$ cat upload.cif   # mmCIF, C-alpha atoms and all ligand atoms
data_run
#
loop_
_atom_site.label_atom_id
_atom_site.label_comp_id
_atom_site.auth_asym_id
_atom_site.auth_seq_id
_atom_site.Cartn_x
_atom_site.Cartn_y
_atom_site.Cartn_z
CA MET N 1 6.24 19.44 -16.24
CA THR N 2 3.10 21.05 -14.84
CA ILE N 3 3.20 22.93 -11.51
CA LEU N 4 -0.12 23.93 -9.98
CA LYS N 5 -0.40 26.45 -7.15
CA ASN N 6 -2.88 26.12 -4.24
CA HIS N 7 -4.38 23.08 -5.87
CA SER N 8 -6.96 20.71 -4.37
CA LEU N 9 -5.75 17.16 -3.66
CA LEU N 10 -9.32 15.78 -3.72
CA ASN N 11 -8.69 13.80 -6.90
CA TYR N 12 -5.28 12.63 -5.74
CA ASN N 13 -6.20 10.54 -2.69
CA THR N 14 -8.50 7.52 -2.55
CA PHE N 15 -9.98 8.63 0.80
CA GLY N 16 -11.51 11.57 -1.09
CA ILE N 17 -10.29 14.19 1.38
CA ASP N 18 -10.40 17.76 0.13
CA VAL N 19 -7.24 19.56 1.21
CA THR N 20 -5.02 21.96 -0.72
CA ALA N 21 -1.37 21.64 -1.72
CA LYS N 22 0.73 24.81 -1.75
CA TYR N 23 2.29 23.45 -4.97
CA LEU N 24 1.46 20.31 -6.91
CA ALA N 25 4.08 19.24 -9.46
CA LEU N 26 3.34 16.50 -11.98
CA VAL N 27 6.77 14.89 -12.29
CA ASN N 28 7.23 12.84 -15.48
CA SER N 29 11.01 12.40 -15.66
CA LEU N 30 14.14 12.36 -13.55
CA GLU N 31 15.44 15.38 -15.46
CA SER N 32 12.36 17.47 -14.65
CA LEU N 33 12.52 16.41 -11.00
CA ASN N 34 16.15 17.51 -10.87
CA LEU N 35 15.38 20.84 -12.54
CA LEU N 36 12.45 21.51 -10.22
CA LEU N 37 14.33 20.76 -7.02
CA SER N 38 17.35 22.84 -8.01
CA ASN N 39 15.11 25.85 -8.72
CA ASN N 40 15.40 28.41 -5.87
CA LEU N 41 11.66 28.98 -5.99
CA TYR N 42 10.99 25.43 -4.78
CA SER N 43 14.19 24.07 -3.27
CA ASN N 44 13.37 25.34 0.23
CA GLU N 45 9.80 24.07 0.28
CA GLU N 46 8.90 20.99 2.33
CA LYS N 47 8.45 18.07 -0.05
CA LEU N 48 5.81 15.37 -0.11
CA ILE N 49 5.88 12.53 -2.62
CA LEU N 50 2.59 11.14 -3.83
CA GLY N 51 1.79 8.18 -6.07
CA GLY N 52 -1.81 7.00 -6.29
CA GLY N 53 -2.68 8.51 -2.88
CA SER N 54 -4.14 5.15 -1.80
CA ASN N 55 -2.26 4.86 1.48
CA VAL N 56 -2.51 8.38 2.87
CA LEU N 57 -4.93 10.26 5.10
CA PHE N 58 -4.71 14.04 4.72
CA THR N 59 -5.65 15.71 8.01
CA GLN N 60 -4.69 19.25 6.96
CA ASP N 61 -3.75 21.40 3.97
CA GLN N 62 -0.29 20.49 2.72
CA ASN N 63 1.94 23.52 3.05
CA SER N 64 4.49 21.86 0.80
CA LEU N 65 5.60 21.02 -2.70
CA VAL N 66 3.71 17.83 -3.54
CA LEU N 67 5.61 15.76 -6.09
CA LEU N 68 3.21 13.53 -7.99
CA ASN N 69 5.12 10.61 -9.46
CA GLN N 70 4.21 10.15 -13.10
CA ILE N 71 7.48 8.61 -14.31
CA LYS N 72 6.53 5.82 -16.74
CA GLY N 73 8.21 3.05 -18.71
CA ILE N 74 8.57 -0.74 -18.43
CA LYS N 75 11.76 -2.49 -19.54
CA VAL N 76 13.26 -6.00 -19.60
CA GLU N 77 16.61 -5.36 -17.90
CA SER N 78 18.02 -8.88 -18.24
CA GLU N 79 17.11 -12.55 -18.22
CA ASP N 80 18.61 -15.91 -17.37
CA ALA N 81 17.37 -19.48 -17.74
CA LYS N 82 14.86 -19.15 -14.92
CA SER N 83 13.85 -15.51 -14.65
CA TRP N 84 13.56 -12.01 -16.05
CA ILE N 85 14.47 -8.77 -14.33
CA ILE N 86 11.75 -6.27 -15.28
CA SER N 87 11.95 -2.62 -14.27
CA ALA N 88 9.06 -0.16 -14.17
CA GLY N 89 8.88 3.61 -13.70
CA GLY N 90 7.69 4.62 -10.23
CA GLY N 91 4.68 6.40 -11.74
CA GLU N 92 3.34 3.28 -13.45
CA ASN N 93 0.05 2.07 -12.01
CA TRP N 94 0.73 -1.08 -9.96
CA HIS N 95 -2.24 -3.10 -11.22
CA ASP N 96 -1.48 -2.20 -14.87
CA PHE N 97 2.06 -3.45 -14.26
CA VAL N 98 0.67 -6.73 -12.84
CA LEU N 99 -1.57 -7.14 -15.91
CA PHE N 100 1.44 -6.48 -18.18
CA CYS N 101 3.38 -9.24 -16.35
CA ILE N 102 0.48 -11.69 -16.66
CA LYS N 103 0.08 -10.97 -20.36
CA ASN N 104 3.78 -11.74 -20.89
CA ASN N 105 3.80 -14.78 -18.58
CA TYR N 106 6.13 -13.16 -16.04
CA ALA N 107 5.25 -14.98 -12.81
CA GLY N 108 5.34 -13.71 -9.24
CA VAL N 109 3.03 -10.73 -8.87
CA GLU N 110 -0.34 -12.29 -9.80
CA ASN N 111 -1.51 -12.57 -6.16
CA MET N 112 -1.02 -8.81 -5.80
CA SER N 113 -3.54 -8.01 -8.56
CA LEU N 114 -5.78 -4.99 -7.98
CA ILE N 115 -3.76 -3.43 -5.15
CA PRO N 116 -4.26 0.28 -5.86
CA GLY N 117 -1.40 2.74 -6.18
CA SER N 118 1.89 3.13 -7.98
CA VAL N 119 4.94 0.97 -8.66
CA GLY N 120 7.09 3.56 -6.83
CA ALA N 121 5.19 3.07 -3.58
CA SER N 122 5.20 -0.75 -3.75
CA PRO N 123 8.43 -1.16 -1.74
CA ILE N 124 7.56 1.57 0.80
CA GLN N 125 5.29 -0.62 2.89
CA ASN N 126 6.32 -3.89 1.19
CA ILE N 127 2.82 -4.32 -0.24
CA GLY N 128 1.35 -7.76 -0.03
CA ALA N 129 -1.76 -9.85 -0.46
CA TYR N 130 -2.80 -13.49 -0.50
CA GLY N 131 0.47 -14.94 0.77
CA THR N 132 2.92 -12.90 -1.32
CA GLU N 133 4.77 -9.64 -0.73
CA ILE N 134 6.95 -7.35 -2.83
CA LYS N 135 10.01 -8.56 -0.97
CA ASP N 136 9.51 -11.98 -2.63
CA VAL N 137 10.08 -10.52 -6.12
CA PHE N 138 12.00 -7.30 -5.42
CA GLU N 139 15.43 -7.01 -7.09
CA TRP N 140 16.52 -3.33 -6.82
CA LEU N 141 15.24 0.21 -7.02
CA ASP N 142 16.65 3.57 -8.07
CA ALA N 143 15.78 6.54 -5.91
CA TYR N 144 16.53 10.25 -6.13
CA HIS N 145 18.12 11.49 -2.92
CA ILE N 146 16.31 14.79 -2.33
CA PRO N 147 18.98 16.49 -0.14
CA THR N 148 21.85 15.86 -2.62
CA GLY N 149 20.20 15.27 -6.00
CA GLU N 150 22.09 11.97 -6.41
CA VAL N 151 20.47 8.78 -7.64
CA HIS N 152 21.11 5.84 -5.32
CA ARG N 153 20.48 2.17 -6.05
CA PHE N 154 18.95 0.11 -3.24
CA LEU N 155 19.40 -3.65 -3.33
CA HIS N 156 17.14 -6.05 -1.46
CA SER N 157 19.41 -6.09 1.57
CA ASP N 158 19.34 -2.25 1.77
CA CYS N 159 15.55 -2.08 2.08
CA ASN N 160 15.06 -3.80 5.42
CA PHE N 161 11.66 -5.17 4.40
CA GLY N 162 9.25 -6.22 7.13
CA TYR N 163 5.51 -6.68 7.47
CA ARG N 164 4.10 -3.51 5.79
CA ASP N 165 7.45 -1.92 6.48
CA SER N 166 10.81 -0.95 4.94
CA VAL N 167 13.71 1.44 5.43
CA PHE N 168 11.63 4.06 3.54
CA LYS N 169 9.14 4.25 6.42
CA ASN N 170 11.89 4.53 8.99
CA LYS N 171 15.58 5.41 8.67
CA VAL N 172 15.37 7.33 5.36
CA LYS N 173 11.73 8.43 5.56
CA GLY N 174 10.98 11.37 3.24
CA GLU N 175 14.56 11.50 1.89
CA TYR N 176 14.10 9.58 -1.35
CA PHE N 177 11.87 9.81 -4.41
CA ILE N 178 11.66 6.30 -5.88
CA ILE N 179 11.97 6.62 -9.64
CA LYS N 180 12.24 3.02 -10.81
CA VAL N 181 11.73 -0.45 -9.29
CA ALA N 182 13.00 -3.77 -10.68
CA TYR N 183 11.46 -7.16 -9.94
CA ARG N 184 12.68 -10.71 -10.59
CA LEU N 185 9.86 -12.59 -12.26
CA GLN N 186 9.92 -16.32 -12.94
CA LYS N 187 9.68 -18.20 -16.23
CA THR N 188 8.10 -21.19 -14.49
CA ALA N 189 5.32 -20.17 -12.14
CA THR N 190 5.03 -21.53 -8.62
CA LEU N 191 1.45 -20.53 -7.91
CA THR N 192 0.32 -19.71 -4.36
CA THR N 193 -3.34 -20.63 -4.30
CA SER N 194 -3.89 -22.07 -0.83
CA TYR N 195 -4.07 -18.65 0.84
CA GLY N 196 -7.42 -17.02 1.51
CA ALA N 197 -10.22 -18.08 -0.75
CA ILE N 198 -8.20 -18.44 -3.98
CA ASN N 199 -8.64 -22.21 -4.34
CA LYS N 200 -12.34 -21.93 -3.66
CA ALA N 201 -12.71 -19.16 -6.25
CA LEU N 202 -10.78 -21.27 -8.81
CA GLU N 203 -13.08 -24.23 -8.10
CA GLU N 204 -16.11 -22.02 -8.65
CA MET N 205 -14.55 -20.97 -11.96
CA ASN N 206 -14.16 -24.71 -12.83
CA ILE N 207 -10.40 -24.39 -13.14
CA SER N 208 -8.22 -27.29 -12.05
CA ILE N 209 -4.88 -26.32 -13.66
CA PRO N 210 -4.74 -22.55 -13.19
CA THR N 211 -2.71 -20.09 -15.26
CA LEU N 212 -1.32 -16.78 -13.97
CA LYS N 213 -4.39 -15.09 -15.45
CA ASN N 214 -6.75 -17.49 -13.67
CA VAL N 215 -5.10 -16.75 -10.30
CA SER N 216 -5.20 -13.02 -11.01
CA ASP N 217 -8.89 -13.21 -11.99
CA ALA N 218 -9.67 -15.17 -8.79
CA VAL N 219 -7.85 -12.57 -6.65
CA ILE N 220 -9.64 -9.73 -8.45
CA SER N 221 -13.06 -11.28 -7.90
CA ILE N 222 -12.36 -11.96 -4.19
CA ARG N 223 -11.09 -8.42 -3.66
CA GLN N 224 -14.05 -6.89 -5.48
CA SER N 225 -16.48 -8.86 -3.31
CA LYS N 226 -14.73 -7.90 -0.04
CA LEU N 227 -13.32 -4.40 -0.36
CA PRO N 228 -15.12 -1.14 -1.11
CA ASP N 229 -14.11 0.43 -4.43
CA PRO N 230 -12.49 3.81 -3.64
CA LYS N 231 -14.17 5.26 -6.76
CA GLN N 232 -17.49 4.71 -4.99
CA ILE N 233 -16.61 4.97 -1.27
CA GLY N 234 -13.50 6.81 -0.14
CA ASN N 235 -11.04 4.56 1.72
CA SER N 236 -7.39 3.56 1.98
CA GLY N 237 -7.77 -0.21 2.29
CA SER N 238 -6.70 -1.64 5.65
CA PHE N 239 -6.39 1.29 8.01
CA PHE N 240 -4.54 -0.71 10.68
CA LYS N 241 -1.79 -3.33 10.63
CA ASN N 242 -2.43 -6.79 12.05
CA PRO N 243 -0.58 -6.62 15.39
CA ILE N 244 2.25 -9.09 16.07
CA ILE N 245 2.12 -10.37 19.65
CA ALA N 246 4.45 -12.55 21.74
CA ASN N 247 2.88 -16.02 22.13
CA GLN N 248 3.27 -15.76 25.91
CA ASN N 249 0.97 -12.70 26.04
CA LEU N 250 -1.37 -14.23 23.49
CA GLN N 251 -2.03 -17.23 25.72
CA LYS N 252 -3.46 -14.92 28.38
CA ILE N 253 -5.65 -13.02 25.90
CA LYS N 254 -6.92 -16.32 24.44
CA GLU N 255 -8.08 -17.46 27.87
CA ASN N 256 -10.72 -14.70 27.68
CA TYR N 257 -11.18 -14.76 23.89
CA PRO N 258 -10.70 -18.35 22.66
CA GLN N 259 -12.09 -17.51 19.19
CA LEU N 260 -9.34 -14.90 18.55
CA SER N 261 -7.99 -15.43 15.04
CA THR N 262 -4.17 -15.70 14.93
CA TYR N 263 -1.44 -16.88 12.50
CA PRO N 264 2.07 -17.92 13.58
CA VAL N 265 4.84 -15.53 12.44
CA ASN N 266 7.76 -17.38 14.01
CA GLU N 267 8.40 -19.64 17.02
CA ASN N 268 7.71 -16.87 19.51
CA GLU N 269 5.21 -14.53 17.86
CA SER N 270 1.83 -14.60 16.15
CA LYS N 271 -0.12 -12.18 14.00
CA VAL N 272 -3.58 -11.28 15.29
CA ALA N 273 -6.39 -10.37 12.88
CA ALA N 274 -6.96 -6.66 13.62
CA GLY N 275 -10.30 -6.80 11.76
CA TRP N 276 -11.57 -9.41 14.24
CA LEU N 277 -10.50 -7.29 17.24
CA ILE N 278 -12.25 -4.20 15.83
CA ASP N 279 -15.36 -6.16 14.84
CA GLN N 280 -15.66 -7.81 18.26
CA ALA N 281 -15.18 -4.43 19.94
CA GLY N 282 -18.42 -3.40 18.19
CA TRP N 283 -17.11 -1.05 15.50
CA LYS N 284 -17.96 -2.88 12.27
CA GLY N 285 -20.51 -0.92 10.23
CA LYS N 286 -20.54 2.00 12.66
CA THR N 287 -21.40 5.24 10.84
CA ILE N 288 -20.94 8.76 12.17
CA ASN N 289 -22.42 11.42 9.87
CA ASN N 290 -20.65 10.78 6.55
CA TYR N 291 -17.81 8.49 7.63
CA GLY N 292 -17.27 5.33 9.61
CA VAL N 293 -16.16 1.68 9.61
CA HIS N 294 -17.08 -0.37 6.55
CA LYS N 295 -20.01 -2.74 7.03
CA ASN N 296 -18.20 -5.81 5.63
CA GLN N 297 -14.60 -5.03 6.59
CA ALA N 298 -13.86 -3.72 10.08
CA LEU N 299 -10.26 -2.92 9.05
CA VAL N 300 -11.42 -0.39 6.48
CA LEU N 301 -12.43 3.13 7.52
CA VAL N 302 -14.58 4.91 4.96
CA ASN N 303 -15.52 8.40 3.83
CA TYR N 304 -19.02 8.42 2.34
CA GLY N 305 -18.31 11.92 1.00
CA GLY N 306 -17.31 15.20 2.58
CA ALA N 307 -15.68 13.91 5.78
CA THR N 308 -12.47 15.55 6.93
CA GLY N 309 -9.23 13.68 7.51
CA LYS N 310 -9.25 14.88 11.11
CA GLU N 311 -12.66 13.22 11.69
CA ILE N 312 -11.39 9.92 10.30
CA TYR N 313 -8.15 10.21 12.27
CA ASP N 314 -10.11 10.83 15.50
CA LEU N 315 -12.29 7.79 14.76
CA SER N 316 -9.13 5.70 14.32
CA SER N 317 -7.86 6.96 17.71
CA GLU N 318 -11.14 5.93 19.37
CA ILE N 319 -10.86 2.47 17.82
CA ILE N 320 -7.26 2.11 19.00
CA GLN N 321 -8.28 3.14 22.51
CA SER N 322 -11.27 0.79 22.63
CA VAL N 323 -9.29 -2.22 21.34
CA LYS N 324 -6.57 -1.48 23.89
CA GLU N 325 -9.08 -1.34 26.74
CA LYS N 326 -10.78 -4.58 25.67
CA TYR N 327 -7.78 -6.80 24.81
CA GLY N 328 -4.68 -4.90 25.98
CA ILE N 329 -3.47 -4.84 22.35
CA GLU N 330 -2.27 -1.58 20.79
CA LEU N 331 -3.19 -1.25 17.11
CA GLU N 332 -0.84 0.59 14.76
CA ARG N 333 -2.06 2.60 11.77
CA GLU N 334 -0.95 1.27 8.37
CA VAL N 335 -2.06 4.41 6.54
CA ASN N 336 0.33 7.39 6.39
CA VAL N 337 -1.28 10.29 8.28
CA LEU N 338 -0.27 13.65 6.81
C1 LIG N 401 -9.07 -0.51 -1.65
C2 LIG N 401 -7.63 -0.61 -1.21
C3 LIG N 401 -7.05 -1.86 -1.04
C4 LIG N 401 -5.71 -1.98 -0.65
N1 LIG N 401 -5.17 -3.23 -0.50
C5 LIG N 401 -3.88 -3.37 -0.15
C6 LIG N 401 -3.29 -4.68 -0.04
O1 LIG N 401 -3.95 -5.70 -0.29
N2 LIG N 401 -2.00 -4.77 0.34
C7 LIG N 401 -1.24 -3.65 0.58
O2 LIG N 401 -0.07 -3.82 0.93
N3 LIG N 401 -1.76 -2.41 0.48
C8 LIG N 401 -3.04 -2.24 0.11
N4 LIG N 401 -3.58 -0.98 0.00
C9 LIG N 401 -2.76 0.20 0.30
C10 LIG N 401 -2.09 0.85 -0.95
O3 LIG N 401 -2.70 0.40 -2.11
C11 LIG N 401 -0.59 0.53 -1.02
O4 LIG N 401 0.06 0.94 0.16
C12 LIG N 401 0.08 1.22 -2.22
O5 LIG N 401 1.41 0.76 -2.36
C13 LIG N 401 0.10 2.73 -2.09
O6 LIG N 401 0.56 3.25 -3.31
P1 LIG N 401 0.33 4.75 -3.69
O7 LIG N 401 1.07 5.02 -4.96
O8 LIG N 401 -1.12 5.06 -3.72
O9 LIG N 401 1.05 5.48 -2.48
P2 LIG N 401 0.63 6.88 -1.82
O10 LIG N 401 -0.60 6.70 -1.02
O11 LIG N 401 0.63 7.95 -2.84
O12 LIG N 401 1.85 7.08 -0.83
C14 LIG N 401 2.03 6.21 0.26
C15 LIG N 401 3.34 6.59 0.99
O13 LIG N 401 4.45 6.34 0.15
C16 LIG N 401 5.16 7.54 -0.15
N5 LIG N 401 5.51 7.44 -1.58
C17 LIG N 401 4.65 7.21 -2.61
N6 LIG N 401 5.33 7.12 -3.77
C18 LIG N 401 6.63 7.31 -3.46
C19 LIG N 401 7.83 7.36 -4.24
N7 LIG N 401 7.83 7.19 -5.57
N8 LIG N 401 9.01 7.58 -3.61
C20 LIG N 401 9.05 7.75 -2.26
N9 LIG N 401 7.95 7.76 -1.48
C21 LIG N 401 6.75 7.52 -2.07
C22 LIG N 401 4.21 8.68 0.16
O14 LIG N 401 4.91 9.85 0.54
C23 LIG N 401 3.40 8.08 1.32
O15 LIG N 401 4.12 8.22 2.54
C24 LIG N 401 -4.93 -0.82 -0.41
C25 LIG N 401 -5.51 0.45 -0.59
C26 LIG N 401 -6.83 0.56 -1.00
C27 LIG N 401 -7.44 1.91 -1.21
#
$ encode --input "upload.cif" --output "structure tokens"
Amino acid sequence: MTILKNHSLLNYNTFGIDVTAKYLALVNSLESLNLLLSNNLYSNEEKLILGGGSNVLFTQDQNSLVLLNQIKGIKVESEDAKSWIISAGGGENWHDFVLFCIKNNYAGVENMSLIPGSVGASPIQNIGAYGTEIKDVFEWLDAYHIPTGEVHRFLHSDCNFGYRDSVFKNKVKGEYFIIKVAYRLQKTATLTTSYGAINKALEEMNISIPTLKNVSDAVISIRQSKLPDPKQIGNSGSFFKNPIIANQNLQKIKENYPQLSTYPVNENESKVAAGWLIDQAGWKGKTINNYGVHKNQALVLVNYGGATGKEIYDLSSEIIQSVKEKYGIELEREVNVL
């Protein structure tokens, strides 16, 4: 295992923020993680776990031991008549894992093609796109409990999945290093194509009976046309969550803003499109020096190169304040601010 001292994290976060880690450890096995954390030199350091760095905003140097998850390996754990249980090391790249599933006809993750980041982070915020979420395919995960060095298995019911949320963002935040995640993938696909522009993209591709690969290709092309590529423009995808509002309160807001875009969540609550709120508050495309709000996607804050995390954080605070003043709705950041 490699341990680097006072190392730049510039290449380890998709926002392209240049901060330094006191230590950066490239963790490639459970054994090396255990050895590292039982070493007196490091055991007392603050720990920060990092996968692809695609959902973090660094606002300062990290005076900690940064554990970069590089634990690999994909395995068929079991199968029955209808499904397979497939596990993957937390350090596997999520999109590569999706492509592996598609190649083998394992159905269930195709709509989550091209989400950046690692397998290990996929349960943390219950990643999702185009009508599907990790919670729909999640079976179990194994996680290293940092305070005790024990490995604990979390079943679905232990994870408390919610919209961009799980127990790992709340009750046990920072306590566990996720080493392996297992998903239940179907032998007969039930494709979800009605969400977003998938059907339209399939039509344009002249496909009437789509395969997993066709759906994945459609999702990839939609995402590439809508979202900035972090390799070209630093960003962390959606910076804010779509707020969930009680229908009672929504009625009042809709009296002033009848075009407000909303989706029902349950009988009493609806999800409001945060991008619409930010756009209508005049932020879309706004650029300040070398950072700003993306010109096509008001939910995405961008670093055109050289911005600091603090500048982007302050911009996000201004947006939150302005949306609150205009609509009385408080936006919540989806990105982990560190
Ligand atoms: C262009 C773009 C598009 C995106 N689109 C989507 C989308 O459609 N849907 C969606 O849900 N998200 C999306 N995201 C956000 C991001 O891809 C996901 O949140 C992803 O799961 C983050 O993975 P990561 O490995 O990069 O996590 P990191 O950014 O490295 O870490 C995120 C958080 O998880 C913790 N963490 C990471 N790995 C572990 C581990 N092994 N054990 C314990 N804690 C860990 C970190 O400490 C941190 O708090 C997008 C991001 C970008 C840049």
$ residues_around --input "upload.cif" --residues "region 55-58 of chain N" --least-positions-apart "6" --cutoff "6 Å" --atoms "all atoms listed in the file" --output "PyMOL selection string"
chain N and resi 236+309+335-338
$ residues_around --input "upload.cif" --residues "Asp96 (chain N)" --least-positions-apart "5" --cutoff "9 Å" --atoms "only C-alpha atoms" --output "ChimeraX atom specification"
/N:101,113-114
$ write_last_selection --input "upload.cif" --atoms "C-alpha atoms" --output "mmCIF file, keeping the file's coordinate frame"
data_model
loop_
_atom_site.group_PDB
_atom_site.id
_atom_site.type_symbol
_atom_site.label_atom_id
_atom_site.label_comp_id
_atom_site.auth_asym_id
_atom_site.auth_seq_id
_atom_site.Cartn_x
_atom_site.Cartn_y
_atom_site.Cartn_z
ATOM 1 C CA CYS N 101 3.380 -9.240 -16.350
ATOM 2 C CA SER N 113 -3.540 -8.010 -8.560
ATOM 3 C CA LEU N 114 -5.780 -4.990 -7.980
#
$ residues_near_ligand --input "upload.cif" --ligand "ligand LIG 401 (chain N)" --cutoff "6 Å" --atoms "only C-alpha atoms and all ligand atoms" --output "VMD selection string"
chain N and resid 14 48 to 56 69 90 115 to 118 120 to 122 124 127 to 129 176 to 179 227 229 to 230 235 to 237 336
$ closest_residue --input "upload.cif" --among "N:Val215, N:Leu202, N:Leu33, N:Leu26" --to "Tyr12 (chain N)" --atoms "only C-alpha atoms"
N:Leu26
$ atom_distance --input "upload.cif" --atom1 "CA of Ser166 (chain N)" --atom2 "CA of Gly131 (chain N)"
17.9 Å
$ atom_distance --input "upload.cif" --atom1 "CA of Ile244 (chain N)" --atom2 "CA of Leu301 (chain N)"
20.9 Å
$ residues_around --input "upload.cif" --residues "Tyr195 (chain N)" --least-positions-apart "2" --cutoff "12 Å" --atoms "all atoms listed in the file" --output "list in words"
Asn111, Ala129, Tyr130, Gly131, Thr132, Leu191, Thr192, Thr193, Ala197, Ile198, Asn199, Lys200, Ala201, Val215, Ala218, Val219 and Ile222 of chain N
$ write_last_selection --input "upload.cif" --atoms "C-alpha atoms" --output "tab-separated table (two decimals), in the coordinates of the input"
chain	number	residue	atom	x	y	z
N	111	ASN	CA	-1.51	-12.57	-6.16
N	129	ALA	CA	-1.76	-9.85	-0.46
N	130	TYR	CA	-2.80	-13.49	-0.50
N	131	GLY	CA	0.47	-14.94	0.77
N	132	THR	CA	2.92	-12.90	-1.32
N	191	LEU	CA	1.45	-20.53	-7.91
N	192	THR	CA	0.32	-19.71	-4.36
N	193	THR	CA	-3.34	-20.63	-4.30
N	197	ALA	CA	-10.22	-18.08	-0.75
N	198	ILE	CA	-8.20	-18.44	-3.98
N	199	ASN	CA	-8.64	-22.21	-4.34
N	200	LYS	CA	-12.34	-21.93	-3.66
N	201	ALA	CA	-12.71	-19.16	-6.25
N	215	VAL	CA	-5.10	-16.75	-10.30
N	218	ALA	CA	-9.67	-15.17	-8.79
N	219	VAL	CA	-7.85	-12.57	-6.65
N	222	ILE	CA	-12.36	-11.96	-4.19
$ closest_residue --input "upload.cif" --among "N:Lys231, N:Lys173, N:Lys213, N:Lys5" --to "Ala189 (chain N)" --atoms "all atoms listed in the file"
N:Lys213
$ atom_distance --input "upload.cif" --atom1 "CA of Leu260 (chain N)" --atom2 "CA of Tyr327 (chain N)"
10.4 Å
$ residues_around --input "upload.cif" --residues "Val27 (chain N)" --least-positions-apart "3" --cutoff "8 Å" --atoms "all atoms listed in the file" --output "ChimeraX atom specification"
/N:1-2,30,32-33,67-71
$ residues_around --input "upload.cif" --residues "Thr148 (chain N)" --least-positions-apart "3" --cutoff "12 Å" --atoms "all atoms listed in the file" --output "list in words"
Asn34, Leu37, Ser38, Ser43, Ala143, Tyr144, His145, Val151, His152, Glu175, Tyr176 and Phe177 of chain N
$ residues_near_point --input "upload.cif" --point "(15.2, 2.0, 10.2)" --cutoff "12 Å" --atoms "all atoms listed in the file" --output "PyMOL selection string"
chain N and resi 158-162+165-173
$ closest_residue --input "upload.cif" --among "N:Ala88, N:Val109, N:Ile17, N:Leu41" --to "Ala182 (chain N)" --atoms "only C-alpha atoms"
N:Ala88
$ axis_aligned_box --input "upload.cif" --around "region 150-153 of chain N" --padding-each-side "4 Å" --output "AutoDock Vina command-line options"
--center_x 21.3 --center_y 7.1 --center_z -6.5 --size_x 9.6 --size_y 17.8 --size_z 10.3
$ closest_residue --input "upload.cif" --among "N:Asn303, N:Gln259, N:Asn93, N:Asn247" --to "Phe15 (chain N)" --atoms "all atoms listed in the file"
N:Asn303
$ residues_near_point --input "upload.cif" --point "(-16.3, 8.2, -0.6)" --cutoff "6 Å" --atoms "only C-alpha atoms" --output "PyMOL selection string"
chain N and resi 16+232-234+303-305
$ write_last_selection --input "upload.cif" --atoms "C-alpha atoms" --output "PDB file, in the frame of the given file"
ATOM      1  CA  GLY N  16     -11.510  11.570  -1.090  1.00  0.00           C
ATOM      2  CA  GLN N 232     -17.490   4.710  -4.990  1.00  0.00           C
ATOM      3  CA  ILE N 233     -16.610   4.970  -1.270  1.00  0.00           C
ATOM      4  CA  GLY N 234     -13.500   6.810  -0.140  1.00  0.00           C
ATOM      5  CA  ASN N 303     -15.520   8.400   3.830  1.00  0.00           C
ATOM      6  CA  TYR N 304     -19.020   8.420   2.340  1.00  0.00           C
ATOM      7  CA  GLY N 305     -18.310  11.920   1.000  1.00  0.00           C
TER       8      GLY N 305
END
$ decode --input "upload.cif" --residues "region 9-37 of chain N" --atoms "C-alpha atoms" --output "PDB file, in the first residue's frame"
ATOM      1  CA  LEU N   9      -5.866  16.079  -3.782  1.00  0.00           C
ATOM      2  CA  LEU N  10      -6.266  17.970  -7.086  1.00  0.00           C
ATOM      3  CA  ASN N  11      -6.450  14.751  -9.108  1.00  0.00           C
ATOM      4  CA  TYR N  12      -8.702  13.050  -6.576  1.00  0.00           C
ATOM      5  CA  ASN N  13     -11.821  15.248  -6.755  1.00  0.00           C
ATOM      6  CA  THR N  14     -13.954  16.010  -9.804  1.00  0.00           C
ATOM      7  CA  PHE N  15     -14.415  19.652  -8.743  1.00  0.00           C
ATOM      8  CA  GLY N  16     -10.688  20.100  -9.406  1.00  0.00           C
ATOM      9  CA  ILE N  17      -9.991  21.792  -6.069  1.00  0.00           C
ATOM     10  CA  ASP N  18      -6.344  21.948  -5.078  1.00  0.00           C
ATOM     11  CA  VAL N  19      -6.014  21.168  -1.375  1.00  0.00           C
ATOM     12  CA  THR N  20      -3.474  19.018   0.443  1.00  0.00           C
ATOM     13  CA  ALA N  21      -3.971  15.862   2.491  1.00  0.00           C
ATOM     14  CA  LYS N  22      -1.724  15.353   5.515  1.00  0.00           C
ATOM     15  CA  TYR N  23      -1.543  11.676   4.460  1.00  0.00           C
ATOM     16  CA  LEU N  24      -3.030   9.972   1.428  1.00  0.00           C
ATOM     17  CA  ALA N  25      -3.168   6.170   1.617  1.00  0.00           C
ATOM     18  CA  LEU N  26      -4.035   4.100  -1.448  1.00  0.00           C
ATOM     19  CA  VAL N  27      -5.924   1.218   0.163  1.00  0.00           C
ATOM     20  CA  ASN N  28      -6.119  -1.912  -2.016  1.00  0.00           C
ATOM     21  CA  SER N  29      -7.160  -4.602   0.473  1.00  0.00           C
ATOM     22  CA  LEU N  30      -8.893  -5.133   3.782  1.00  0.00           C
ATOM     23  CA  GLU N  31      -5.660  -6.502   5.236  1.00  0.00           C
ATOM     24  CA  SER N  32      -3.689  -3.365   4.345  1.00  0.00           C
ATOM     25  CA  LEU N  33      -6.467  -1.156   5.741  1.00  0.00           C
ATOM     26  CA  ASN N  34      -6.337  -3.105   8.996  1.00  0.00           C
ATOM     27  CA  LEU N  35      -2.544  -2.890   9.185  1.00  0.00           C
ATOM     28  CA  LEU N  36      -2.568   0.839   8.471  1.00  0.00           C
ATOM     29  CA  LEU N  37      -5.201   1.699  11.059  1.00  0.00           C
TER      30      LEU N  37
END
